[in-house]
$ cat run-v7.txt   # compact mmCIF, C-alpha atoms
# COMPACT_ATOMS: atom_id res chain seq x y z
CA MET N 1 250.97 -158.54 6.68
CA LYS N 2 251.67 -162.25 6.75
CA ALA N 3 249.91 -163.82 9.72
CA LEU N 4 250.14 -167.37 11.05
CA LEU N 5 247.39 -168.64 13.35
CA LEU N 6 248.26 -171.64 15.54
CA THR N 7 245.59 -173.45 17.54
CA LEU N 8 245.02 -176.84 19.10
CA GLY N 9 241.95 -178.31 20.73
CA THR N 10 238.34 -179.12 19.96
CA ARG N 11 236.14 -177.34 17.46
CA GLY N 12 235.47 -174.64 20.04
CA ASP N 13 239.20 -173.86 20.05
CA VAL N 14 239.53 -173.87 16.27
CA GLN N 15 236.36 -172.15 15.06
CA PRO N 16 237.23 -168.65 16.43
CA PHE N 17 240.58 -168.86 14.62
CA VAL N 18 238.82 -169.73 11.37
CA ALA N 19 236.70 -166.61 11.86
CA LEU N 20 239.78 -164.49 12.59
CA ALA N 21 241.59 -165.91 9.55
CA ARG N 22 238.67 -164.92 7.34
CA GLY N 23 238.64 -161.43 8.85
CA LEU N 24 242.36 -160.97 8.25
CA ALA N 25 242.07 -162.21 4.68
CA ALA N 26 239.13 -159.87 4.01
CA ALA N 27 241.32 -156.98 5.22
CA GLY N 28 243.92 -157.87 2.59
CA HIS N 29 246.38 -159.85 4.68
CA ASP N 30 248.18 -163.10 3.80
CA VAL N 31 246.96 -165.59 6.39
CA LEU N 32 247.54 -169.26 7.17
CA LEU N 33 245.76 -171.31 9.82
CA ALA N 34 247.56 -174.29 11.38
CA ALA N 35 245.40 -176.66 13.44
CA PRO N 36 244.92 -180.42 13.90
CA HIS N 37 244.54 -182.36 10.64
CA ARG N 38 240.96 -183.30 11.51
CA PHE N 39 239.88 -179.70 10.81
CA THR N 40 241.18 -179.61 7.23
CA ALA N 41 237.76 -179.89 5.59
CA PHE N 42 236.23 -177.45 8.08
CA ALA N 43 238.80 -174.76 7.22
CA GLU N 44 238.57 -175.41 3.51
CA ARG N 45 234.77 -175.11 3.57
CA HIS N 46 235.22 -171.58 4.92
CA GLY N 47 237.88 -170.69 2.38
CA VAL N 48 240.76 -170.48 4.87
CA PRO N 49 244.29 -171.52 3.80
CA PHE N 50 245.17 -174.41 6.08
CA ALA N 51 248.18 -176.41 7.25
CA GLY N 52 247.67 -179.54 9.31
CA LEU N 53 249.29 -180.22 12.67
CA ASP N 54 249.55 -183.65 14.25
CA ASP N 55 246.38 -184.41 16.20
CA GLY N 56 248.53 -185.22 19.24
CA PRO N 57 246.50 -185.33 22.45
CA MET N 58 243.29 -184.83 20.46
CA ARG N 59 243.37 -188.59 19.86
CA LEU N 60 242.37 -189.02 23.48
CA MET N 61 239.05 -187.39 22.60
CA ASP N 62 238.35 -190.01 19.96
CA THR N 63 237.61 -192.77 22.46
CA GLY N 64 235.61 -190.54 24.80
CA SER N 65 236.96 -192.38 27.84
CA ALA N 66 239.67 -189.83 28.69
CA VAL N 67 237.24 -186.94 29.26
CA GLY N 68 234.82 -189.17 31.11
CA ASP N 69 237.54 -190.58 33.35
CA VAL N 70 238.85 -187.12 34.24
CA ALA N 71 235.34 -185.79 34.87
CA THR N 72 234.43 -188.66 37.19
CA GLY N 73 237.72 -190.09 38.44
CA GLY N 74 239.20 -187.27 40.49
CA MET N 75 242.87 -186.49 40.96
CA ALA N 76 244.13 -190.01 40.16
CA ALA N 77 242.60 -189.85 36.68
CA LYS N 78 244.05 -186.35 36.13
CA LEU N 79 247.54 -187.52 37.10
CA ALA N 80 247.29 -190.59 34.86
CA LEU N 81 246.33 -188.39 31.93
CA ALA N 82 249.12 -185.92 32.71
CA ARG N 83 251.72 -188.69 32.46
CA ARG N 84 250.53 -189.59 28.97
CA LEU N 85 250.44 -186.11 27.46
CA PRO N 86 254.08 -184.92 27.05
CA SER N 87 255.06 -187.61 24.55
CA MET N 88 251.96 -186.80 22.48
CA PHE N 89 253.17 -183.24 21.82
CA THR N 90 256.51 -183.96 20.14
CA GLN N 91 255.13 -184.17 16.61
CA VAL N 92 252.79 -181.22 17.24
CA LEU N 93 255.82 -179.05 18.07
CA ASP N 94 257.78 -180.26 15.06
CA ASP N 95 254.83 -179.63 12.76
CA ALA N 96 254.36 -176.13 14.19
CA TRP N 97 257.96 -175.21 13.34
CA THR N 98 257.71 -176.70 9.85
CA VAL N 99 254.61 -174.63 9.10
CA THR N 100 256.16 -171.48 10.59
CA SER N 101 259.45 -171.77 8.72
CA ASP N 102 257.60 -172.40 5.45
CA HIS N 103 255.20 -169.46 5.87
CA HIS N 104 257.71 -167.07 7.51
CA PRO N 105 255.04 -164.78 9.01
CA ASP N 106 255.28 -161.23 10.31
CA LEU N 107 253.02 -162.11 13.22
CA ILE N 108 251.96 -165.28 15.03
CA ILE N 109 248.62 -165.55 16.83
CA HIS N 110 248.28 -168.66 19.00
CA ASN N 111 245.96 -170.01 21.67
CA GLY N 112 248.66 -171.28 24.02
CA GLN N 113 247.54 -174.91 23.78
CA VAL N 114 249.91 -175.68 20.90
CA MET N 115 252.69 -174.56 23.27
CA ALA N 116 254.83 -173.61 20.27
CA GLY N 117 253.63 -170.10 19.49
CA GLN N 118 256.01 -167.92 21.48
CA HIS N 119 258.96 -170.22 20.67
CA VAL N 120 258.62 -170.22 16.88
CA ALA N 121 258.03 -166.46 17.01
CA GLU N 122 261.25 -166.08 19.02
CA ARG N 123 263.12 -168.17 16.47
CA LEU N 124 262.00 -165.81 13.67
CA GLY N 125 262.30 -162.63 15.73
CA ARG N 126 258.60 -161.84 15.25
CA PRO N 127 255.90 -160.93 17.78
CA ALA N 128 253.61 -163.58 19.23
CA VAL N 129 250.06 -162.73 20.32
CA LEU N 130 247.92 -164.89 22.53
CA GLY N 131 244.39 -165.22 21.13
CA LEU N 132 242.12 -166.60 23.84
CA PRO N 133 238.43 -167.52 23.95
CA ILE N 134 238.95 -168.23 27.67
CA PRO N 135 240.68 -165.86 30.16
CA MET N 136 243.15 -168.51 31.27
CA PHE N 137 246.52 -166.77 31.33
CA VAL N 138 246.26 -163.22 32.71
CA PRO N 139 245.80 -163.16 36.51
CA THR N 140 243.10 -161.00 38.06
CA ARG N 141 241.55 -160.45 41.47
CA GLU N 142 238.06 -160.27 39.94
CA PHE N 143 237.51 -163.96 39.20
CA PRO N 144 239.39 -167.23 39.80
CA TRP N 145 241.38 -169.14 37.22
CA PRO N 146 238.89 -170.82 34.89
CA GLY N 147 241.11 -173.86 34.27
CA GLN N 148 239.48 -175.92 36.98
CA PRO N 149 237.88 -175.31 40.38
CA MET N 150 240.46 -174.30 42.99
CA PRO N 151 240.26 -174.22 46.82
CA ALA N 152 237.50 -171.82 47.86
CA LEU N 153 239.68 -169.92 50.36
CA MET N 154 242.45 -169.31 47.84
CA PRO N 155 242.64 -165.66 46.64
CA ASN N 156 241.49 -165.30 43.03
CA ARG N 157 244.81 -163.99 41.75
CA ALA N 158 246.71 -166.86 43.39
CA THR N 159 244.59 -169.47 41.59
CA TYR N 160 246.33 -168.52 38.33
CA LEU N 161 249.33 -170.48 39.59
CA GLY N 162 247.39 -173.28 37.90
CA MET N 163 248.81 -172.01 34.60
CA LYS N 164 252.26 -173.06 35.82
CA GLY N 165 251.16 -176.66 35.31
CA PRO N 166 251.92 -176.86 31.57
CA SER N 167 255.50 -175.58 32.02
CA VAL N 168 256.08 -178.18 34.73
CA MET N 169 254.44 -180.97 32.77
CA PHE N 170 255.88 -180.19 29.34
CA GLY N 171 258.97 -178.15 30.18
CA ARG N 172 261.56 -180.84 29.43
CA THR N 173 259.85 -181.80 26.16
CA ILE N 174 259.73 -178.18 25.02
CA ASP N 175 263.32 -177.46 26.08
CA ARG N 176 264.61 -180.39 24.02
CA TRP N 177 262.63 -179.10 21.06
CA ARG N 178 263.84 -175.51 21.62
CA ALA N 179 267.41 -176.79 21.55
CA SER N 180 266.75 -178.35 18.14
CA LEU N 181 265.78 -174.85 16.94
CA GLY N 182 268.93 -173.31 18.42
CA LEU N 183 267.03 -171.42 21.12
CA PRO N 184 268.64 -170.89 24.56
CA LYS N 185 267.25 -171.75 27.98
CA ARG N 186 266.48 -168.15 28.81
CA PRO N 187 264.46 -167.15 31.91
CA GLY N 188 260.73 -166.93 31.28
CA ARG N 189 260.87 -168.98 28.09
CA HIS N 190 257.78 -170.99 29.06
CA ASP N 191 255.62 -167.95 29.85
CA PRO N 192 253.58 -166.85 26.80
CA LEU N 193 252.76 -163.59 28.59
CA ARG N 194 256.39 -162.46 28.22
CA ALA N 195 258.26 -161.60 25.04
CA PRO N 196 261.89 -162.76 24.80
CA ASP N 197 263.10 -159.33 25.96
CA GLY N 198 260.92 -159.57 29.09
CA SER N 199 258.28 -157.08 27.94
CA PRO N 200 254.57 -158.01 28.16
CA ALA N 201 253.31 -160.02 25.19
CA PRO N 202 250.00 -158.84 23.73
CA VAL N 203 246.89 -160.86 24.57
CA LEU N 204 243.57 -160.61 22.72
CA HIS N 205 240.60 -162.17 24.49
CA ALA N 206 237.89 -163.24 22.05
CA ILE N 207 235.20 -162.61 24.64
CA SER N 208 232.37 -160.09 24.82
CA PRO N 209 232.89 -157.55 27.61
CA HIS N 210 229.11 -157.67 28.07
CA VAL N 211 229.45 -161.33 29.05
CA LEU N 212 232.67 -160.95 31.05
CA PRO N 213 233.74 -157.35 31.71
CA ARG N 214 237.44 -156.66 31.25
CA PRO N 215 239.09 -156.79 34.71
CA ALA N 216 240.35 -153.43 35.91
CA ASP N 217 243.64 -154.95 37.11
CA TRP N 218 244.64 -156.46 33.77
CA PRO N 219 247.76 -154.92 32.22
CA ALA N 220 247.45 -152.70 29.17
CA ALA N 221 248.77 -155.53 26.95
CA ALA N 222 245.64 -157.61 27.68
CA GLY N 223 242.69 -156.60 25.53
CA MET N 224 239.14 -157.84 24.98
CA THR N 225 237.79 -157.62 21.45
CA GLY N 226 234.39 -159.29 21.54
CA TYR N 227 233.66 -162.77 20.22
CA TRP N 228 235.18 -164.03 16.98
CA PHE N 229 232.00 -165.37 15.42
CA LEU N 230 232.17 -167.50 12.28
CA THR N 231 229.42 -167.07 9.71
CA ASP N 232 228.91 -169.51 6.89
CA PRO N 233 230.25 -168.12 3.58
CA GLU N 234 227.20 -169.60 1.88
CA PRO N 235 224.43 -169.71 4.50
CA ARG N 236 222.27 -172.73 4.03
CA PRO N 237 218.75 -173.17 5.34
CA LEU N 238 218.21 -175.58 8.18
CA PRO N 239 217.49 -179.13 6.97
CA ARG N 240 213.85 -179.39 5.95
CA PRO N 241 212.94 -182.11 8.50
CA LEU N 242 214.39 -179.95 11.29
CA ALA N 243 212.61 -176.83 10.02
CA GLU N 244 209.34 -178.76 9.90
CA PHE N 245 209.89 -180.00 13.47
CA LEU N 246 210.52 -176.44 14.66
CA ASP N 247 207.33 -175.23 12.97
CA ALA N 248 205.20 -178.09 14.29
CA GLY N 249 204.79 -176.78 17.83
CA ALA N 250 206.14 -174.59 20.60
CA PRO N 251 209.85 -173.75 20.41
CA PRO N 252 211.85 -176.74 21.64
CA VAL N 253 214.93 -176.70 23.84
CA PHE N 254 218.28 -177.60 22.34
CA ILE N 255 220.40 -180.16 24.22
CA GLY N 256 223.96 -180.86 23.12
CA PHE N 257 227.28 -181.53 24.82
CA GLY N 258 229.65 -181.08 21.87
CA SER N 259 232.54 -183.54 21.98
CA MET N 260 232.21 -184.02 25.75
CA SER N 261 231.03 -187.61 25.65
CA GLY N 262 231.55 -188.69 29.26
CA THR N 263 231.69 -192.36 30.15
CA ASP N 264 228.30 -193.39 28.74
CA PRO N 265 226.84 -191.13 26.02
CA ALA N 266 223.80 -193.37 25.53
CA ALA N 267 222.87 -193.17 29.22
CA THR N 268 223.38 -189.39 29.20
CA THR N 269 221.11 -189.14 26.16
CA ALA N 270 218.42 -191.14 27.92
CA THR N 271 218.71 -188.82 30.91
CA VAL N 272 218.31 -185.60 28.94
CA VAL N 273 215.41 -186.95 26.87
CA ALA N 274 213.63 -188.05 30.04
CA ALA N 275 214.25 -184.62 31.58
CA ALA N 276 212.82 -182.80 28.56
CA ARG N 277 209.70 -184.94 28.60
CA GLN N 278 209.31 -184.49 32.35
CA ALA N 279 209.58 -180.72 31.85
CA GLY N 280 206.92 -180.91 29.14
CA VAL N 281 209.06 -179.44 26.37
CA ARG N 282 210.03 -180.63 22.94
CA ALA N 283 213.75 -181.16 22.36
CA VAL N 284 216.34 -181.03 19.61
CA ILE N 285 219.19 -183.37 20.56
CA GLY N 286 222.56 -182.42 19.06
CA THR N 287 224.83 -185.44 18.68
CA SER N 288 227.54 -183.24 17.14
CA TRP N 289 231.00 -184.69 17.83
CA GLY N 290 229.83 -187.58 20.00
CA GLY N 291 228.72 -185.94 23.24
CA LEU N 292 225.26 -187.48 22.85
CA THR N 293 223.93 -190.33 20.75
CA GLY N 294 220.80 -190.58 18.64
CA ALA N 295 217.75 -190.30 20.86
CA GLY N 296 216.35 -193.53 19.47
CA ASP N 297 213.12 -192.08 18.14
CA GLN N 298 211.92 -188.97 16.41
CA ALA N 299 208.37 -189.40 17.65
CA GLY N 300 206.76 -186.04 17.98
CA ASP N 301 208.65 -184.42 20.83
CA VAL N 302 212.31 -185.29 20.12
CA PHE N 303 214.39 -184.58 17.03
CA THR N 304 218.02 -185.66 16.65
CA VAL N 305 220.50 -183.68 14.56
CA ASP N 306 224.19 -184.11 13.85
CA GLU N 307 226.09 -180.92 13.03
CA VAL N 308 223.89 -177.85 12.66
CA PRO N 309 224.78 -174.12 12.54
CA TYR N 310 224.10 -172.75 16.00
CA GLU N 311 223.65 -169.20 14.69
CA GLN N 312 220.63 -170.40 12.71
CA LEU N 313 219.16 -172.86 15.21
CA PHE N 314 219.60 -171.17 18.59
CA PRO N 315 217.39 -168.12 17.91
CA LYS N 316 214.54 -170.55 17.20
CA VAL N 317 214.74 -172.54 20.47
CA ALA N 318 213.37 -171.78 23.93
CA ALA N 319 216.61 -172.54 25.78
CA VAL N 320 220.05 -174.07 25.23
CA ILE N 321 221.19 -176.93 27.48
CA HIS N 322 224.88 -177.55 26.95
CA HIS N 323 228.28 -178.44 28.46
CA GLY N 324 229.55 -174.91 28.96
CA GLY N 325 232.23 -174.77 26.30
CA ALA N 326 233.27 -171.19 25.54
CA GLY N 327 232.03 -171.41 21.94
CA THR N 328 228.57 -172.63 22.89
CA ILE N 329 228.36 -170.04 25.66
CA ALA N 330 229.06 -167.35 23.05
CA ALA N 331 226.54 -168.73 20.54
CA ALA N 332 223.77 -169.01 23.13
CA ALA N 333 224.53 -165.51 24.45
CA ALA N 334 224.42 -164.00 20.95
CA ALA N 335 221.12 -165.76 20.25
CA GLY N 336 219.63 -164.24 23.39
CA ARG N 337 218.56 -167.60 24.72
CA PRO N 338 218.35 -168.80 28.35
CA GLN N 339 220.80 -171.54 29.25
CA VAL N 340 221.30 -174.58 31.45
CA VAL N 341 224.98 -175.47 31.73
CA CYS N 342 225.94 -179.07 32.56
CA PRO N 343 229.75 -178.90 32.80
CA PHE N 344 232.25 -181.72 32.57
CA VAL N 345 235.78 -180.36 33.08
CA ALA N 346 238.21 -177.44 32.69
CA ASP N 347 236.64 -173.99 32.14
CA GLN N 348 233.08 -175.31 31.80
CA PRO N 349 232.16 -175.01 35.52
CA PHE N 350 233.49 -171.43 35.47
CA TRP N 351 231.20 -170.45 32.60
CA GLY N 352 228.25 -172.26 34.17
CA ARG N 353 228.59 -170.31 37.42
CA HIS N 354 229.21 -167.05 35.60
CA MET N 355 226.16 -167.28 33.33
CA HIS N 356 224.03 -168.09 36.35
CA ARG N 357 225.34 -164.96 38.11
CA LEU N 358 224.48 -162.92 35.00
CA GLY N 359 220.90 -164.08 35.38
CA VAL N 360 220.68 -165.76 31.97
CA ALA N 361 221.06 -169.37 33.14
CA ALA N 362 219.88 -171.76 35.81
CA GLU N 363 222.29 -172.92 38.48
CA PRO N 364 224.72 -175.27 36.71
CA ILE N 365 224.34 -179.04 37.07
CA HIS N 366 227.64 -180.91 36.94
CA GLN N 367 227.60 -184.03 34.81
CA ARG N 368 228.25 -186.15 37.91
CA ALA N 369 224.94 -184.91 39.32
CA LEU N 370 222.92 -185.02 36.09
CA ALA N 371 219.55 -186.69 36.67
CA PRO N 372 216.15 -186.37 34.96
CA ASP N 373 214.39 -184.69 37.91
CA ARG N 374 217.11 -182.11 38.48
CA LEU N 375 217.55 -181.26 34.81
CA ALA N 376 213.78 -181.11 34.28
CA HIS N 377 213.50 -178.58 37.09
CA ALA N 378 216.23 -176.41 35.56
CA ILE N 379 214.67 -176.56 32.11
CA GLY N 380 211.28 -175.61 33.53
CA GLN N 381 212.87 -172.68 35.35
CA VAL N 382 214.63 -171.12 32.36
CA VAL N 383 211.72 -171.47 29.94
CA ALA N 384 209.12 -170.14 32.40
CA ASP N 385 210.92 -167.35 34.27
CA PRO N 386 210.41 -164.04 32.40
CA ALA N 387 213.33 -162.43 34.26
CA ILE N 388 215.77 -165.00 32.83
CA THR N 389 214.30 -164.67 29.35
CA THR N 390 214.46 -160.87 29.45
CA ALA N 391 218.06 -160.87 30.70
CA ALA N 392 219.09 -163.33 27.98
CA GLU N 393 217.41 -161.29 25.24
CA ARG N 394 219.10 -158.08 26.45
CA LEU N 395 222.50 -159.79 26.51
CA GLY N 396 221.91 -161.08 22.99
CA ARG N 397 221.26 -157.59 21.63
CA LEU N 398 224.49 -156.29 23.18
CA VAL N 399 226.62 -159.17 21.91
CA ARG N 400 225.21 -159.02 18.38
CA ALA N 401 226.08 -155.30 18.18
CA GLU N 402 229.81 -156.05 18.55
CA ASP N 403 232.36 -156.74 15.81
CA GLY N 404 234.92 -158.86 17.62
CA VAL N 405 236.75 -160.03 14.49
CA GLY N 406 237.01 -156.50 13.10
CA GLU N 407 238.37 -155.18 16.39
CA ALA N 408 240.91 -158.02 16.58
CA VAL N 409 242.11 -157.31 13.03
CA ARG N 410 242.60 -153.63 13.86
CA GLN N 411 244.61 -154.43 16.97
CA LEU N 412 246.74 -157.04 15.19
CA GLU N 413 247.56 -154.58 12.43
CA GLY N 414 248.85 -152.17 15.05
CA ILE N 415 250.93 -154.86 16.76
CA ALA N 416 252.49 -156.04 13.50
CA ALA N 417 253.20 -152.62 11.97
CA PRO N 418 256.64 -152.06 13.56
CA HIS N 419 257.81 -155.54 12.51
CA ARG N 420 256.57 -155.79 8.93
CA ARG N 421 259.16 -156.26 6.24

$ encode --input "run-v7.txt" --output "structure tokens"
Amino acid sequence: MKALLLTLGTRGDVQPFVALARGLAAAGHDVLLAAPHRFTAFAERHGVPFAGLDDGPMRLMDTGSAVGDVATGGMAAKLALARRLPSMFTQVLDDAWTVTSDHHPDLIIHNGQVMAGQHVAERLGRPAVLGLPIPMFVPTREFPWPGQPMPALMPNRATYLGMKGPSVMFGRTIDRWRASLGLPKRPGRHDPLRAPDGSPAPVLHAISPHVLPRPADWPAAAGMTGYWFLTDPEPRPLPRPLAEFLDAGAPPVFIGFGSMSGTDPAATTATVVAAARQAGVRAVIGTSWGGLTGAGDQAGDVFTVDEVPYEQLFPKVAAVIHHGGAGTIAAAAAAGRPQVVCPFVADQPFWGRHMHRLGVAAEPIHQRALAPDRLAHAIGQVVADPAITTAAERLGRLVRAEDGVGEAVRQLEGIAAPHRR
């Protein structure tokens, strides 16, 4: 089977596809991953054949101001960002078709954010499969659309009208591009849940059913495989200074906000360091992709790291304080660690509320309300409450027992079988 994986977004959107690509290759399939150029070295380090896509709207993340403005600026900031986005996708779409026509796959797995997956598959007459670390597309009565908070009185299933936004925002851009591929303006062309013949398109959710049970009202085409975890092909020990810090006292908490930098990363860093000290815990501060800055000192109770493998670090910490990205949620759940979620935008508030309901996290603290006293209280709660610790450890055992990548490979093989040349 020749498989093409298309994804766009931050590292949390790309890393599960790297894991899936490795799983497909290990099963003997010819696989190619296409993602923003900035992930070239990341894919190569894990031995995954890679084709670069234009970074497109990812450039907005480079300044940090776009996320911070949307998180703090309300609807006006969201509308201003929406006006800028369509023109930033033109080269992404062109690159996606170039990669597809060169690879000529039997099957295309995409995360929906590239907005090219179902179209290039239609052009080749091959099936397209949505691969989702977030349950964004398939409506359900069991929980609201995770894309962003919706009116409280709105029925859960109705909130998924939010997924109509991309077709409204980008429809004209995509239709012009479809015309360049010789594709018609057929009904339902912008809905990745529908194949060109109107039948349901398959959807694989890279989520543990122990974290989010599969809704009973999902159609048969929507599956849940378990998380697509990425392990390092050559596991390396934690850096010696970090290992020495971990061994020098009680387990610290980890605090990191990924690439969610907000409007003032330095001020946010000062807030979280003050909260950790007020709670009386040591802290590892993850600067990662710019969400936080260096803590300014490494004196005794605070240690700053850049990029570090979560699967090695998280089992050694007392709790994980993070932004609520789906990838970090998965890593903290698998490690069996209590959590404090401090969401910025998009699906992050959804995950924060959900983990709190599961009993493995404190009540989420939105970034707009982040303050030393409030965060210190939440940290103290999750490290001292045995019920939260026990629930987190139980969840970790269940998640670690799953083989999400293996299950996804098996399902993809079944989907592709009727179409293979």

$ residues_near_point --input "run-v7.txt" --point "(257.8, -182.0, 19.3)" --cutoff "10 Å" --atoms "all atoms listed in the file" --output "ChimeraX atom specification"
/N:54,56,86-97,115-116,173-178,180

$ axis_aligned_box --input "run-v7.txt" --around "region 234-242 of chain N" --padding-each-side "5 Å" --output "AutoDock Vina command-line options"
--center_x 220.1 --center_y -175.9 --center_z 6.6 --size_x 24.3 --size_y 22.5 --size_z 19.4

$ residues_around --input "run-v7.txt" --residues "Gly226 (chain N)" --least-positions-apart "6" --cutoff "10 Å" --atoms "all atoms listed in the file" --output "list of chain:residue names"
N:Pro133, N:Leu204, N:His205, N:Ala206, N:Ile207, N:Ser208, N:Pro209, N:His210, N:Val211, N:Leu212, N:Ala330, N:Val399, N:Arg400, N:Ala401, N:Glu402, N:Asp403, N:Gly404, N:Val405, N:Gly406, N:Glu407, N:Ala408

$ residues_around --input "run-v7.txt" --residues "region 160-167 of chain N" --least-positions-apart "3" --cutoff "12 Å" --atoms "all atoms listed in the file" --output "ChimeraX atom specification"
/N:79,82-83,85-86,89,112-116,135-151,154-157,170-175,188-193,346

$ closest_residue --input "run-v7.txt" --among "N:Val203, N:His366, N:Ile134, N:Gly198" --to "Asp347 (chain N)" --atoms "all atoms listed in the file"
N:Ile134

$ residues_around --input "run-v7.txt" --residues "Gly117 (chain N)" --least-positions-apart "6" --cutoff "9 Å" --atoms "only C-alpha atoms" --output "PDB file with C-alpha atoms, keeping the file's coordinate frame"
ATOM      1  CA  LEU N   5     247.390-168.640  13.350  1.00  0.00           C
ATOM      2  CA  LEU N   6     248.260-171.640  15.540  1.00  0.00           C
ATOM      3  CA  THR N   7     245.590-173.450  17.540  1.00  0.00           C
ATOM      4  CA  ALA N  96     254.360-176.130  14.190  1.00  0.00           C
ATOM      5  CA  ILE N 108     251.960-165.280  15.030  1.00  0.00           C
ATOM      6  CA  ILE N 109     248.620-165.550  16.830  1.00  0.00           C
ATOM      7  CA  HIS N 110     248.280-168.660  19.000  1.00  0.00           C
ATOM      8  CA  ASN N 111     245.960-170.010  21.670  1.00  0.00           C
ATOM      9  CA  ALA N 128     253.610-163.580  19.230  1.00  0.00           C
ATOM     10  CA  VAL N 129     250.060-162.730  20.320  1.00  0.00           C
ATOM     11  CA  LEU N 130     247.920-164.890  22.530  1.00  0.00           C
ATOM     12  CA  PRO N 192     253.580-166.850  26.800  1.00  0.00           C
TER      13      PRO N 192
END

$ residues_around --input "run-v7.txt" --residues "Val409 (chain N)" --least-positions-apart "6" --cutoff "12 Å" --atoms "all atoms listed in the file" --output "PyMOL selection string"
chain N and resi 1+3+17+19-29+31+107+109+131+204+206+225-226+228+403+415-416

$ build_atoms --input "run-v7.txt" --residues "region 105-117 of chain N" --atoms "N, CA and C atoms" --output "PDB file, in the coordinates of the input"
ATOM      1  N   PRO N 105     256.007-165.863   8.791  1.00  0.00           N
ATOM      2  CA  PRO N 105     255.040-164.780   9.010  1.00  0.00           C
ATOM      3  C   PRO N 105     255.666-163.551   9.662  1.00  0.00           C
ATOM      4  N   ASP N 106     254.936-162.443   9.565  1.00  0.00           N
ATOM      5  CA  ASP N 106     255.280-161.230  10.310  1.00  0.00           C
ATOM      6  C   ASP N 106     254.746-161.279  11.728  1.00  0.00           C
ATOM      7  N   LEU N 107     253.730-162.097  11.943  1.00  0.00           N
ATOM      8  CA  LEU N 107     253.020-162.110  13.220  1.00  0.00           C
ATOM      9  C   LEU N 107     252.460-163.503  13.440  1.00  0.00           C
ATOM     10  N   ILE N 108     252.511-163.978  14.677  1.00  0.00           N
ATOM     11  CA  ILE N 108     251.960-165.280  15.030  1.00  0.00           C
ATOM     12  C   ILE N 108     250.900-165.090  16.112  1.00  0.00           C
ATOM     13  N   ILE N 109     249.705-165.581  15.848  1.00  0.00           N
ATOM     14  CA  ILE N 109     248.620-165.550  16.830  1.00  0.00           C
ATOM     15  C   ILE N 109     248.352-166.981  17.241  1.00  0.00           C
ATOM     16  N   HIS N 110     248.409-167.272  18.538  1.00  0.00           N
ATOM     17  CA  HIS N 110     248.280-168.660  19.000  1.00  0.00           C
ATOM     18  C   HIS N 110     247.416-168.714  20.253  1.00  0.00           C
ATOM     19  N   ASN N 111     246.855-169.889  20.526  1.00  0.00           N
ATOM     20  CA  ASN N 111     245.960-170.010  21.670  1.00  0.00           C
ATOM     21  C   ASN N 111     246.636-170.595  22.903  1.00  0.00           C
ATOM     22  N   GLY N 112     247.942-170.784  22.861  1.00  0.00           N
ATOM     23  CA  GLY N 112     248.660-171.280  24.020  1.00  0.00           C
ATOM     24  C   GLY N 112     248.649-172.785  24.147  1.00  0.00           C
ATOM     25  N   GLN N 113     247.634-173.460  23.626  1.00  0.00           N
ATOM     26  CA  GLN N 113     247.540-174.910  23.780  1.00  0.00           C
ATOM     27  C   GLN N 113     248.511-175.658  22.874  1.00  0.00           C
ATOM     28  N   VAL N 114     248.904-175.046  21.756  1.00  0.00           N
ATOM     29  CA  VAL N 114     249.910-175.680  20.900  1.00  0.00           C
ATOM     30  C   VAL N 114     251.261-175.703  21.617  1.00  0.00           C
ATOM     31  N   MET N 115     251.464-174.727  22.490  1.00  0.00           N
ATOM     32  CA  MET N 115     252.690-174.560  23.270  1.00  0.00           C
ATOM     33  C   MET N 115     253.919-174.342  22.398  1.00  0.00           C
ATOM     34  N   ALA N 116     253.714-173.902  21.162  1.00  0.00           N
ATOM     35  CA  ALA N 116     254.830-173.610  20.270  1.00  0.00           C
ATOM     36  C   ALA N 116     254.869-172.152  19.860  1.00  0.00           C
ATOM     37  N   GLY N 117     253.782-171.424  20.072  1.00  0.00           N
ATOM     38  CA  GLY N 117     253.630-170.100  19.490  1.00  0.00           C
ATOM     39  C   GLY N 117     254.739-169.131  19.820  1.00  0.00           C
TER      40      GLY N 117
END
